[in-house]
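**Q** What follows is the file structure26.pdb, containing PDB, C-alpha atoms:
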MODEL        1
ATOM      1  CA  MET A   1       5.187   4.634 -19.659  1.00  0.00           C
ATOM      2  CA  ASN A   2       4.708   5.746 -23.263  1.00  0.00           C
ATOM      3  CA  ARG A   3       1.989   3.116 -23.673  1.00  0.00           C
ATOM      4  CA  ILE A   4       0.062   4.535 -20.698  1.00  0.00           C
ATOM      5  CA  ILE A   5       0.341   8.079 -22.088  1.00  0.00           C
ATOM      6  CA  GLU A   6      -0.847   6.872 -25.515  1.00  0.00           C
ATOM      7  CA  MET A   7      -3.830   5.082 -23.922  1.00  0.00           C
ATOM      8  CA  ILE A   8      -4.876   8.237 -22.079  1.00  0.00           C
ATOM      9  CA  ILE A   9      -4.510  10.475 -25.150  1.00  0.00           C
ATOM     10  CA  ASP A  10      -6.428   7.992 -27.327  1.00  0.00           C
ATOM     11  CA  ALA A  11      -9.237   7.856 -24.764  1.00  0.00           C
ATOM     12  CA  GLY A  12     -10.176  11.494 -25.361  1.00  0.00           C
ATOM     13  CA  PRO A  13     -10.426  14.770 -23.465  1.00  0.00           C
ATOM     14  CA  ALA A  14     -12.979  13.554 -20.893  1.00  0.00           C
ATOM     15  CA  VAL A  15     -10.623  10.819 -19.713  1.00  0.00           C
ATOM     16  CA  ILE A  16      -7.678  13.254 -19.617  1.00  0.00           C
ATOM     17  CA  ILE A  17      -9.733  15.667 -17.489  1.00  0.00           C
ATOM     18  CA  GLY A  18     -10.915  12.791 -15.295  1.00  0.00           C
ATOM     19  CA  GLN A  19      -7.383  11.494 -14.740  1.00  0.00           C
ATOM     20  CA  ALA A  20      -6.161  15.046 -14.012  1.00  0.00           C
ATOM     21  CA  LEU A  21      -8.868  15.439 -11.358  1.00  0.00           C
ATOM     22  CA  GLY A  22      -7.735  12.158  -9.798  1.00  0.00           C
ATOM     23  CA  ILE A  23      -4.163  13.433  -9.635  1.00  0.00           C
ATOM     24  CA  ILE A  24      -5.391  16.677  -8.022  1.00  0.00           C
ATOM     25  CA  GLY A  25      -7.314  14.574  -5.472  1.00  0.00           C
ATOM     26  CA  MET A  26      -4.167  12.572  -4.777  1.00  0.00           C
ATOM     27  CA  ILE A  27      -2.094  15.735  -4.249  1.00  0.00           C
ATOM     28  CA  LEU A  28      -4.689  17.160  -1.841  1.00  0.00           C
ATOM     29  CA  ALA A  29      -4.762  13.875   0.087  1.00  0.00           C
ATOM     30  CA  MET A  30      -0.951  13.829   0.294  1.00  0.00           C
ATOM     31  CA  ILE A  31      -0.855  17.407   1.573  1.00  0.00           C
ATOM     32  CA  SER A  32      -3.579  16.647   4.134  1.00  0.00           C
ATOM     33  CA  PHE A  33      -1.418  13.981   5.780  1.00  0.00           C
ATOM     34  CA  GLN A  34       1.165  16.642   6.591  1.00  0.00           C
ATOM     35  CA  CYS A  35      -1.358  18.755   8.534  1.00  0.00           C
ATOM     36  CA  LYS A  36      -1.405  18.776  12.293  1.00  0.00           C
ATOM     37  CA  ASN A  37      -4.574  20.910  12.482  1.00  0.00           C
ATOM     38  CA  ILE A  38      -7.655  18.650  12.304  1.00  0.00           C
ATOM     39  CA  LYS A  39      -9.782  21.304  10.577  1.00  0.00           C
ATOM     40  CA  VAL A  40      -7.206  21.824   7.824  1.00  0.00           C
ATOM     41  CA  PHE A  41      -6.751  18.048   7.504  1.00  0.00           C
ATOM     42  CA  CYS A  42     -10.506  17.491   7.144  1.00  0.00           C
ATOM     43  CA  ALA A  43     -10.898  20.428   4.734  1.00  0.00           C
ATOM     44  CA  LEU A  44      -8.174  19.036   2.460  1.00  0.00           C
ATOM     45  CA  GLN A  45      -9.677  15.540   2.735  1.00  0.00           C
ATOM     46  CA  THR A  46     -13.048  17.043   1.774  1.00  0.00           C
ATOM     47  CA  PHE A  47     -11.625  18.705  -1.352  1.00  0.00           C
ATOM     48  CA  SER A  48      -9.708  15.532  -2.166  1.00  0.00           C
ATOM     49  CA  GLY A  49     -12.988  13.599  -1.881  1.00  0.00           C
ATOM     50  CA  LEU A  50     -14.705  16.127  -4.165  1.00  0.00           C
ATOM     51  CA  SER A  51     -11.933  15.835  -6.734  1.00  0.00           C
ATOM     52  CA  PHE A  52     -12.033  12.022  -6.645  1.00  0.00           C
ATOM     53  CA  THR A  53     -15.847  12.100  -6.856  1.00  0.00           C
ATOM     54  CA  VAL A  54     -15.777  14.017 -10.131  1.00  0.00           C
ATOM     55  CA  HIS A  55     -12.793  11.938 -11.302  1.00  0.00           C
ATOM     56  CA  PHE A  56     -14.642   8.643 -10.899  1.00  0.00           C
ATOM     57  CA  PHE A  57     -17.924   9.921 -12.357  1.00  0.00           C
ATOM     58  CA  VAL A  58     -16.098  11.305 -15.407  1.00  0.00           C
ATOM     59  CA  LEU A  59     -14.372   7.938 -15.869  1.00  0.00           C
ATOM     60  CA  GLY A  60     -17.759   6.203 -15.620  1.00  0.00           C
ATOM     61  CA  ASN A  61     -17.193   4.557 -12.225  1.00  0.00           C
ATOM     62  CA  ALA A  62     -20.420   5.434 -10.417  1.00  0.00           C
ATOM     63  CA  VAL A  63     -19.877   3.336  -7.268  1.00  0.00           C
ATOM     64  CA  GLN A  64     -16.416   4.769  -6.629  1.00  0.00           C
ATOM     65  CA  GLY A  65     -17.702   8.279  -7.377  1.00  0.00           C
ATOM     66  CA  ALA A  66     -20.654   7.954  -5.022  1.00  0.00           C
ATOM     67  CA  LEU A  67     -18.514   6.529  -2.203  1.00  0.00           C
ATOM     68  CA  ASN A  68     -16.056   9.409  -2.558  1.00  0.00           C
ATOM     69  CA  MET A  69     -18.932  11.895  -2.617  1.00  0.00           C
ATOM     70  CA  PHE A  70     -19.786  10.960   0.952  1.00  0.00           C
ATOM     71  CA  ASN A  71     -16.160  11.539   1.992  1.00  0.00           C
ATOM     72  CA  ILE A  72     -17.176  15.200   1.786  1.00  0.00           C
ATOM     73  CA  LEU A  73     -19.850  14.669   4.448  1.00  0.00           C
ATOM     74  CA  ARG A  74     -17.405  12.600   6.519  1.00  0.00           C
ATOM     75  CA  GLY A  75     -14.771  15.358   6.343  1.00  0.00           C
ATOM     76  CA  TRP A  76     -17.295  17.888   7.597  1.00  0.00           C
ATOM     77  CA  ALA A  77     -18.537  15.523  10.318  1.00  0.00           C
ATOM     78  CA  PHE A  78     -15.090  14.930  11.801  1.00  0.00           C
ATOM     79  CA  GLY A  79     -13.558  18.341  11.183  1.00  0.00           C
ATOM     80  CA  PHE A  80     -16.284  20.904  11.641  1.00  0.00           C
ATOM     81  CA  ALA A  81     -19.441  19.430  13.178  1.00  0.00           C
ATOM     82  CA  PRO A  82     -20.015  20.009  16.886  1.00  0.00           C
ATOM     83  CA  GLU A  83     -18.605  17.230  19.066  1.00  0.00           C
ATOM     84  CA  SER A  84     -22.084  16.204  20.223  1.00  0.00           C
ATOM     85  CA  TRP A  85     -23.109  15.511  16.603  1.00  0.00           C
ATOM     86  CA  ARG A  86     -20.253  13.142  15.802  1.00  0.00           C
ATOM     87  CA  ARG A  87     -21.751   9.873  17.026  1.00  0.00           C
ATOM     88  CA  PRO A  88     -25.042  10.311  15.106  1.00  0.00           C
ATOM     89  CA  LEU A  89     -23.136  11.583  12.064  1.00  0.00           C
ATOM     90  CA  VAL A  90     -21.012   8.415  12.000  1.00  0.00           C
ATOM     91  CA  GLY A  91     -24.178   6.364  11.634  1.00  0.00           C
ATOM     92  CA  ILE A  92     -25.544   8.716   8.971  1.00  0.00           C
ATOM     93  CA  VAL A  93     -22.283   8.657   6.990  1.00  0.00           C
ATOM     94  CA  MET A  94     -22.114   4.862   7.144  1.00  0.00           C
ATOM     95  CA  ALA A  95     -25.766   4.584   6.018  1.00  0.00           C
ATOM     96  CA  CYS A  96     -24.965   6.973   3.135  1.00  0.00           C
ATOM     97  CA  TYR A  97     -22.040   4.779   2.035  1.00  0.00           C
ATOM     98  CA  ILE A  98     -24.210   1.657   2.064  1.00  0.00           C
ATOM     99  CA  GLY A  99     -27.041   3.432   0.257  1.00  0.00           C
ATOM    100  CA  ALA A 100     -24.658   4.875  -2.338  1.00  0.00           C
ATOM    101  CA  ALA A 101     -23.151   1.468  -3.067  1.00  0.00           C
ATOM    102  CA  VAL A 102     -26.582  -0.134  -3.439  1.00  0.00           C
ATOM    103  CA  VAL A 103     -28.055   2.654  -5.598  1.00  0.00           C
ATOM    104  CA  THR A 104     -25.067   3.021  -7.956  1.00  0.00           C
ATOM    105  CA  TYR A 105     -24.228  -0.669  -8.302  1.00  0.00           C
ATOM    106  CA  SER A 106     -25.000  -2.114 -11.713  1.00  0.00           C
ATOM    107  CA  PRO A 107     -24.757  -5.702 -12.968  1.00  0.00           C
ATOM    108  CA  SER A 108     -21.766  -4.697 -15.114  1.00  0.00           C
ATOM    109  CA  ASP A 109     -19.821  -3.907 -11.921  1.00  0.00           C
ATOM    110  CA  ALA A 110     -17.965  -6.653 -10.091  1.00  0.00           C
ATOM    111  CA  LEU A 111     -19.953  -7.186  -6.894  1.00  0.00           C
ATOM    112  CA  TRP A 112     -16.838  -8.268  -4.977  1.00  0.00           C
ATOM    113  CA  VAL A 113     -15.048  -4.989  -5.869  1.00  0.00           C
ATOM    114  CA  THR A 114     -18.059  -2.947  -4.755  1.00  0.00           C
ATOM    115  CA  ALA A 115     -18.166  -4.868  -1.463  1.00  0.00           C
ATOM    116  CA  LEU A 116     -14.391  -4.499  -1.043  1.00  0.00           C
ATOM    117  CA  ILE A 117     -14.394  -0.698  -1.295  1.00  0.00           C
ATOM    118  CA  LEU A 118     -17.660  -0.288   0.615  1.00  0.00           C
ATOM    119  CA  ILE A 119     -16.132  -2.144   3.563  1.00  0.00           C
ATOM    120  CA  ALA A 120     -13.009   0.030   3.188  1.00  0.00           C
ATOM    121  CA  GLN A 121     -15.105   3.204   3.470  1.00  0.00           C
ATOM    122  CA  LEU A 122     -16.946   1.868   6.515  1.00  0.00           C
ATOM    123  CA  ALA A 123     -13.667   0.815   8.162  1.00  0.00           C
ATOM    124  CA  ASN A 124     -12.115   4.198   7.419  1.00  0.00           C
ATOM    125  CA  THR A 125     -15.089   5.984   8.975  1.00  0.00           C
ATOM    126  CA  VAL A 126     -14.918   3.877  12.148  1.00  0.00           C
ATOM    127  CA  THR A 127     -11.154   4.380  12.534  1.00  0.00           C
ATOM    128  CA  MET A 128     -11.506   8.131  11.983  1.00  0.00           C
ATOM    129  CA  TYR A 129     -14.214   8.226  14.655  1.00  0.00           C
ATOM    130  CA  ILE A 130     -11.996   6.307  17.088  1.00  0.00           C
ATOM    131  CA  GLY A 131      -9.225   8.789  16.295  1.00  0.00           C
ATOM    132  CA  ASN A 132      -6.279   6.586  17.303  1.00  0.00           C
ATOM    133  CA  ALA A 133      -3.425   7.272  14.848  1.00  0.00           C
ATOM    134  CA  LYS A 134      -1.914   3.798  15.286  1.00  0.00           C
ATOM    135  CA  ILE A 135      -5.210   2.051  14.564  1.00  0.00           C
ATOM    136  CA  ILE A 136      -5.898   4.322  11.598  1.00  0.00           C
ATOM    137  CA  ARG A 137      -2.537   3.478  10.045  1.00  0.00           C
ATOM    138  CA  LEU A 138      -2.740  -0.256  10.743  1.00  0.00           C
ATOM    139  CA  VAL A 139      -6.209  -0.501   9.174  1.00  0.00           C
ATOM    140  CA  GLN A 140      -5.061   1.716   6.295  1.00  0.00           C
ATOM    141  CA  ILE A 141      -2.157  -0.617   5.488  1.00  0.00           C
ATOM    142  CA  GLY A 142      -3.987  -3.843   6.296  1.00  0.00           C
ATOM    143  CA  TYR A 143      -7.242  -3.266   4.449  1.00  0.00           C
ATOM    144  CA  ILE A 144      -8.291   0.192   3.226  1.00  0.00           C
ATOM    145  CA  SER A 145      -5.414   0.910   0.839  1.00  0.00           C
ATOM    146  CA  PRO A 146      -5.208  -2.634  -0.580  1.00  0.00           C
ATOM    147  CA  ALA A 147      -8.990  -2.596  -1.196  1.00  0.00           C
ATOM    148  CA  TRP A 148      -8.927   0.752  -2.979  1.00  0.00           C
ATOM    149  CA  MET A 149      -5.704  -0.151  -4.807  1.00  0.00           C
ATOM    150  CA  THR A 150      -7.439  -3.230  -6.234  1.00  0.00           C
ATOM    151  CA  SER A 151     -10.391  -1.123  -7.399  1.00  0.00           C
ATOM    152  CA  ASN A 152      -8.136   1.605  -8.804  1.00  0.00           C
ATOM    153  CA  ILE A 153      -6.080  -0.889 -10.809  1.00  0.00           C
ATOM    154  CA  ILE A 154      -9.231  -2.486 -12.239  1.00  0.00           C
ATOM    155  CA  THR A 155     -10.696   0.903 -13.211  1.00  0.00           C
ATOM    156  CA  PHE A 156      -7.299   2.379 -14.185  1.00  0.00           C
ATOM    157  CA  SER A 157      -7.432   5.385 -11.883  1.00  0.00           C
ATOM    158  CA  ILE A 158      -3.923   6.848 -12.064  1.00  0.00           C
ATOM    159  CA  GLY A 159      -4.549   9.306  -9.214  1.00  0.00           C
ATOM    160  CA  GLY A 160      -6.120   6.550  -7.117  1.00  0.00           C
ATOM    161  CA  ILE A 161      -3.218   4.154  -7.665  1.00  0.00           C
ATOM    162  CA  LEU A 162      -0.672   6.837  -6.771  1.00  0.00           C
ATOM    163  CA  CYS A 163      -2.714   7.979  -3.766  1.00  0.00           C
ATOM    164  CA  GLU A 164      -2.975   4.497  -2.272  1.00  0.00           C
ATOM    165  CA  THR A 165       0.715   3.855  -2.941  1.00  0.00           C
ATOM    166  CA  PHE A 166       1.491   7.021  -0.999  1.00  0.00           C
ATOM    167  CA  ASN A 167      -0.963   6.034   1.776  1.00  0.00           C
ATOM    168  CA  ILE A 168       0.748   2.665   2.222  1.00  0.00           C
ATOM    169  CA  ILE A 169       4.251   4.162   2.251  1.00  0.00           C
ATOM    170  CA  SER A 170       3.288   7.066   4.510  1.00  0.00           C
ATOM    171  CA  SER A 171       1.463   4.861   7.014  1.00  0.00           C
ATOM    172  CA  THR A 172       4.328   2.349   7.090  1.00  0.00           C
ATOM    173  CA  VAL A 173       6.902   5.107   7.660  1.00  0.00           C
ATOM    174  CA  ALA A 174       4.770   6.592  10.459  1.00  0.00           C
ATOM    175  CA  LEU A 175       4.430   3.220  12.175  1.00  0.00           C
ATOM    176  CA  ILE A 176       8.202   2.714  12.003  1.00  0.00           C
ATOM    177  CA  ARG A 177       8.990   6.265  13.126  1.00  0.00           C
ATOM    178  CA  PHE A 178       6.657   6.204  16.092  1.00  0.00           C
ATOM    179  CA  ARG A 179       7.015   2.535  17.027  1.00  0.00           C
ATOM    180  CA  LYS A 180       8.540   3.334  20.425  1.00  0.00           C
ATOM    181  CA  GLU A 181       5.596   5.564  21.288  1.00  0.00           C
ATOM    182  CA  TRP A 182       2.919   3.228  19.883  1.00  0.00           C
ATOM    183  CA  PHE A 183       4.461  -0.143  20.624  1.00  0.00           C
ATOM    184  CA  PRO A 184       6.261   0.155  23.991  1.00  0.00           C
ATOM    185  CA  LYS A 185       8.381  -2.731  25.182  1.00  0.00           C
ATOM    186  CA  LYS A 186       6.708  -4.967  27.702  1.00  0.00           C
ATOM    187  CA  GLU A 187       7.540  -3.967  31.197  1.00  0.00           C
ATOM    188  CA  ARG A 188       9.746  -6.412  32.995  1.00  0.00           C
ATOM    189  CA  PRO A 189       8.175  -7.959  36.039  1.00  0.00           C
ATOM    190  CA  MET A 190       9.478  -6.413  39.217  1.00  0.00           C
ATOM    191  CA  ALA A 191      11.844  -8.579  41.216  1.00  0.00           C
ATOM    192  CA  LEU A 192      10.314  -9.981  44.331  1.00  0.00           C
ATOM    193  CA  THR A 193      11.922  -8.570  47.393  1.00  0.00           C
ATOM    194  CA  GLU A 194      11.629  -9.667  50.917  1.00  0.00           C
ATOM    195  CA  GLY A 195      10.833  -6.957  53.400  1.00  0.00           C
TER
ENDMDL
END
So, in terms of C-alpha cells, how does the structure I just supplied come out?

**A**
Amino acid sequence: MNRIIEMIIDAGPAVIIGQALGIIGMILAMISFQCKNIKVFCALQTFSGLSFTVHFFVLGNAVQGALNMFNILRGWAFGFAPESWRRPLVGIVMACYIGAAVVTYSPSDALWVTALILIAQLANTVTMYIGNAKIIRLVQIGYISPAWMTSNIITFSIGGILCETFNIISSTVALIRFRKEWFPKKERPMALTEG
C-alpha cells in the first residue's frame, strides 16, 4: 500500500487530482446503484461519467476519457429524454462510442484494450435500453466489469479498479438476493388425470 501511495505522490499533482476524480466517480457510481428513482440513478451516473471523463483525460488515457464522456449523453438519454426519443438515441450513443474510440485511438494504445472497452460500452448501452435488471447484472459480471477492470489495471486507474470491483460484488449479491424472483424453479408437469 505504501508503494502505491509513493507512486502517486511521485507522479505529481496532476496525477493526484486525476486519481481523486476517479475516486469521486466511483463514489457517485456506488451511490447511484442504491437509487430506485431512474432519474436520480441516471443523474448520478451522468456525474460519475463526467468525473471519470476528466479523470482519464488528466491521466492521459484519451480513449477511456472519450468513452466515459458519452456516458453523459447515455445518462440523459435513458433518464431524461422523452420515451419516443430513446430508440434513436441508442443508435446515436452507440455511434458516438464507436466514433470516439476511432478518433482517440493512437498507435501507442493497445488495440485489443480499446476494442475490449468499446464493446463493453456498447453492451452496457444495449442492456440499459432493454432495462431488464437480471440481464444488466449478468452482462455486467460476465463482460462489462472484467473488460473495464482489465483496462483500469493497465492504466492504473484506482477509482476505476475500485468501481469495477464494487460493480462485480454488487451485481453478484443482487443476483443471489433476487434469485427466486429472477430464476424461478421449473414448474413440475401436471399429473395426468383421467376424467

**Q** Could you please determine the separation between atom CA of A:Ile168 and atom CA of A:Ile17 in Å, to one decimal place?

**A**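 These two atoms are separated by 25.8 Å.
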
**Q** Written as number ranges by chain, which residues does the PyMOL selection byres ((chain A and resi 65) around 10) give for the file shown?

**A** A: 49-64, 66-70, 100-101, 104

**Q** Carefully work through the PyMOL selection byres ((chain A and resi 141-150) around 9) for this structure and note down the residues it includes, as number ranges by chain.

**A** A: 113, 116-117, 119-121, 123-124, 136-140, 151-155, 160-165, 167-169, 171-172

**Q** Would you kindly translate the PyMOL selection byres ((chain A and resi 22-31) around 6) into the concrete residues it picks from this file, as a list of chain:residue names?

**A** A:Gln19, A:Ala20, A:Leu21, A:Ser32, A:Phe33, A:Gln34, A:Leu44, A:Gln45, A:Ser48, A:Ser51, A:Phe52, A:His55, A:Gly159, A:Cys163

**Q** How big is the axis-aligned box, and where does its centre sit, when it encloses all atoms of stretch 109-118 of chain A listed in the file and has 3 Å added on every side, reported in Å to one decimal as AutoDock Vina command-line options?

**A**
--center_x -17.2 --center_y -4.3 --center_z -5.7 --size_x 11.6 --size_y 14.0 --size_z 18.5

**Q** To one decimal in Å, tell me the separation between atom CA of A:Ile38 and atom CA of A:Ile72.

**A**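 About the pair atom CA of A:Ile38 and atom CA of A:Ile72: they are 14.6 Å apart.
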
**Q** In Å to one decimal, how far is atom CA of A:Gly99 from atom CA of A:Leu122?

**A**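 Atom CA of A:Gly99 lies at a distance of 12.0 Å from atom CA of A:Leu122.
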
**Q** Using only C-alpha atoms, which protein or nucleic acid residues come within 10 Å of A:Met128? Drop anything in the same chain fewer than 6 positions from it, and give the result as a VMD selection string.

**A** chain A and resid 74 to 75 78 90 122 135 to 136

**Q** How about saving the chosen residues, C-alpha atoms kept, as a CSV table (one decimal), in the coordinates of the input?

**A**
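Wrote it out as part-v4.csv, contents follow:
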chain,number,residue,atom,x,y,z
A,74,ARG,CA,-17.4,12.6,6.5
A,75,GLY,CA,-14.8,15.4,6.3
A,78,PHE,CA,-15.1,14.9,11.8
A,90,VAL,CA,-21.0,8.4,12.0
A,122,LEU,CA,-16.9,1.9,6.5
A,135,ILE,CA,-5.2,2.1,14.6
A,136,ILE,CA,-5.9,4.3,11.6

**Q** Write out N, CA, C and O atoms for stretch 90-101 of chain A, as an mmCIF file, in the frame of the given file.

**A**
data_model
loop_
_atom_site.group_PDB
_atom_site.id
_atom_site.type_symbol
_atom_site.label_atom_id
_atom_site.label_comp_id
_atom_site.auth_asym_id
_atom_site.auth_seq_id
_atom_site.Cartn_x
_atom_site.Cartn_y
_atom_site.Cartn_z
ATOM 1 N N VAL A 90 -21.707 9.637 12.427
ATOM 2 C CA VAL A 90 -21.012 8.415 12.000
ATOM 3 C C VAL A 90 -22.027 7.438 11.421
ATOM 4 O O VAL A 90 -21.824 6.863 10.344
ATOM 5 N N GLY A 91 -23.129 7.255 12.122
ATOM 6 C CA GLY A 91 -24.178 6.364 11.634
ATOM 7 C C GLY A 91 -24.768 6.846 10.316
ATOM 8 O O GLY A 91 -25.012 6.050 9.395
ATOM 9 N N ILE A 92 -24.990 8.152 10.203
ATOM 10 C CA ILE A 92 -25.544 8.716 8.971
ATOM 11 C C ILE A 92 -24.574 8.520 7.814
ATOM 12 O O ILE A 92 -24.973 8.110 6.716
ATOM 13 N N VAL A 93 -23.290 8.817 8.042
ATOM 14 C CA VAL A 93 -22.283 8.657 6.990
ATOM 15 C C VAL A 93 -22.205 7.202 6.544
ATOM 16 O O VAL A 93 -22.173 6.905 5.341
ATOM 17 N N MET A 94 -22.197 6.281 7.502
ATOM 18 C CA MET A 94 -22.114 4.862 7.144
ATOM 19 C C MET A 94 -23.359 4.419 6.365
ATOM 20 O O MET A 94 -23.255 3.666 5.390
ATOM 21 N N ALA A 95 -24.535 4.903 6.755
ATOM 22 C CA ALA A 95 -25.766 4.584 6.018
ATOM 23 C C ALA A 95 -25.697 5.161 4.599
ATOM 24 O O ALA A 95 -26.142 4.515 3.637
ATOM 25 N N CYS A 96 -25.127 6.362 4.462
ATOM 26 C CA CYS A 96 -24.965 6.973 3.135
ATOM 27 C C CYS A 96 -24.047 6.137 2.251
ATOM 28 O O CYS A 96 -24.328 5.954 1.054
ATOM 29 N N TYR A 97 -22.953 5.632 2.813
ATOM 30 C CA TYR A 97 -22.040 4.779 2.035
ATOM 31 C C TYR A 97 -22.766 3.520 1.542
ATOM 32 O O TYR A 97 -22.665 3.156 0.377
ATOM 33 N N ILE A 98 -23.497 2.884 2.447
ATOM 34 C CA ILE A 98 -24.210 1.657 2.064
ATOM 35 C C ILE A 98 -25.256 1.972 1.001
ATOM 36 O O ILE A 98 -25.353 1.276 -0.015
ATOM 37 N N GLY A 99 -26.031 3.037 1.228
ATOM 38 C CA GLY A 99 -27.041 3.432 0.257
ATOM 39 C C GLY A 99 -26.441 3.773 -1.099
ATOM 40 O O GLY A 99 -26.966 3.375 -2.149
ATOM 41 N N ALA A 100 -25.319 4.489 -1.085
ATOM 42 C CA ALA A 100 -24.658 4.875 -2.338
ATOM 43 C C ALA A 100 -24.191 3.655 -3.111
ATOM 44 O O ALA A 100 -24.337 3.584 -4.336
ATOM 45 N N ALA A 101 -23.637 2.683 -2.395
ATOM 46 C CA ALA A 101 -23.151 1.468 -3.067
ATOM 47 C C ALA A 101 -24.315 0.690 -3.671
ATOM 48 O O ALA A 101 -24.219 0.183 -4.788
#
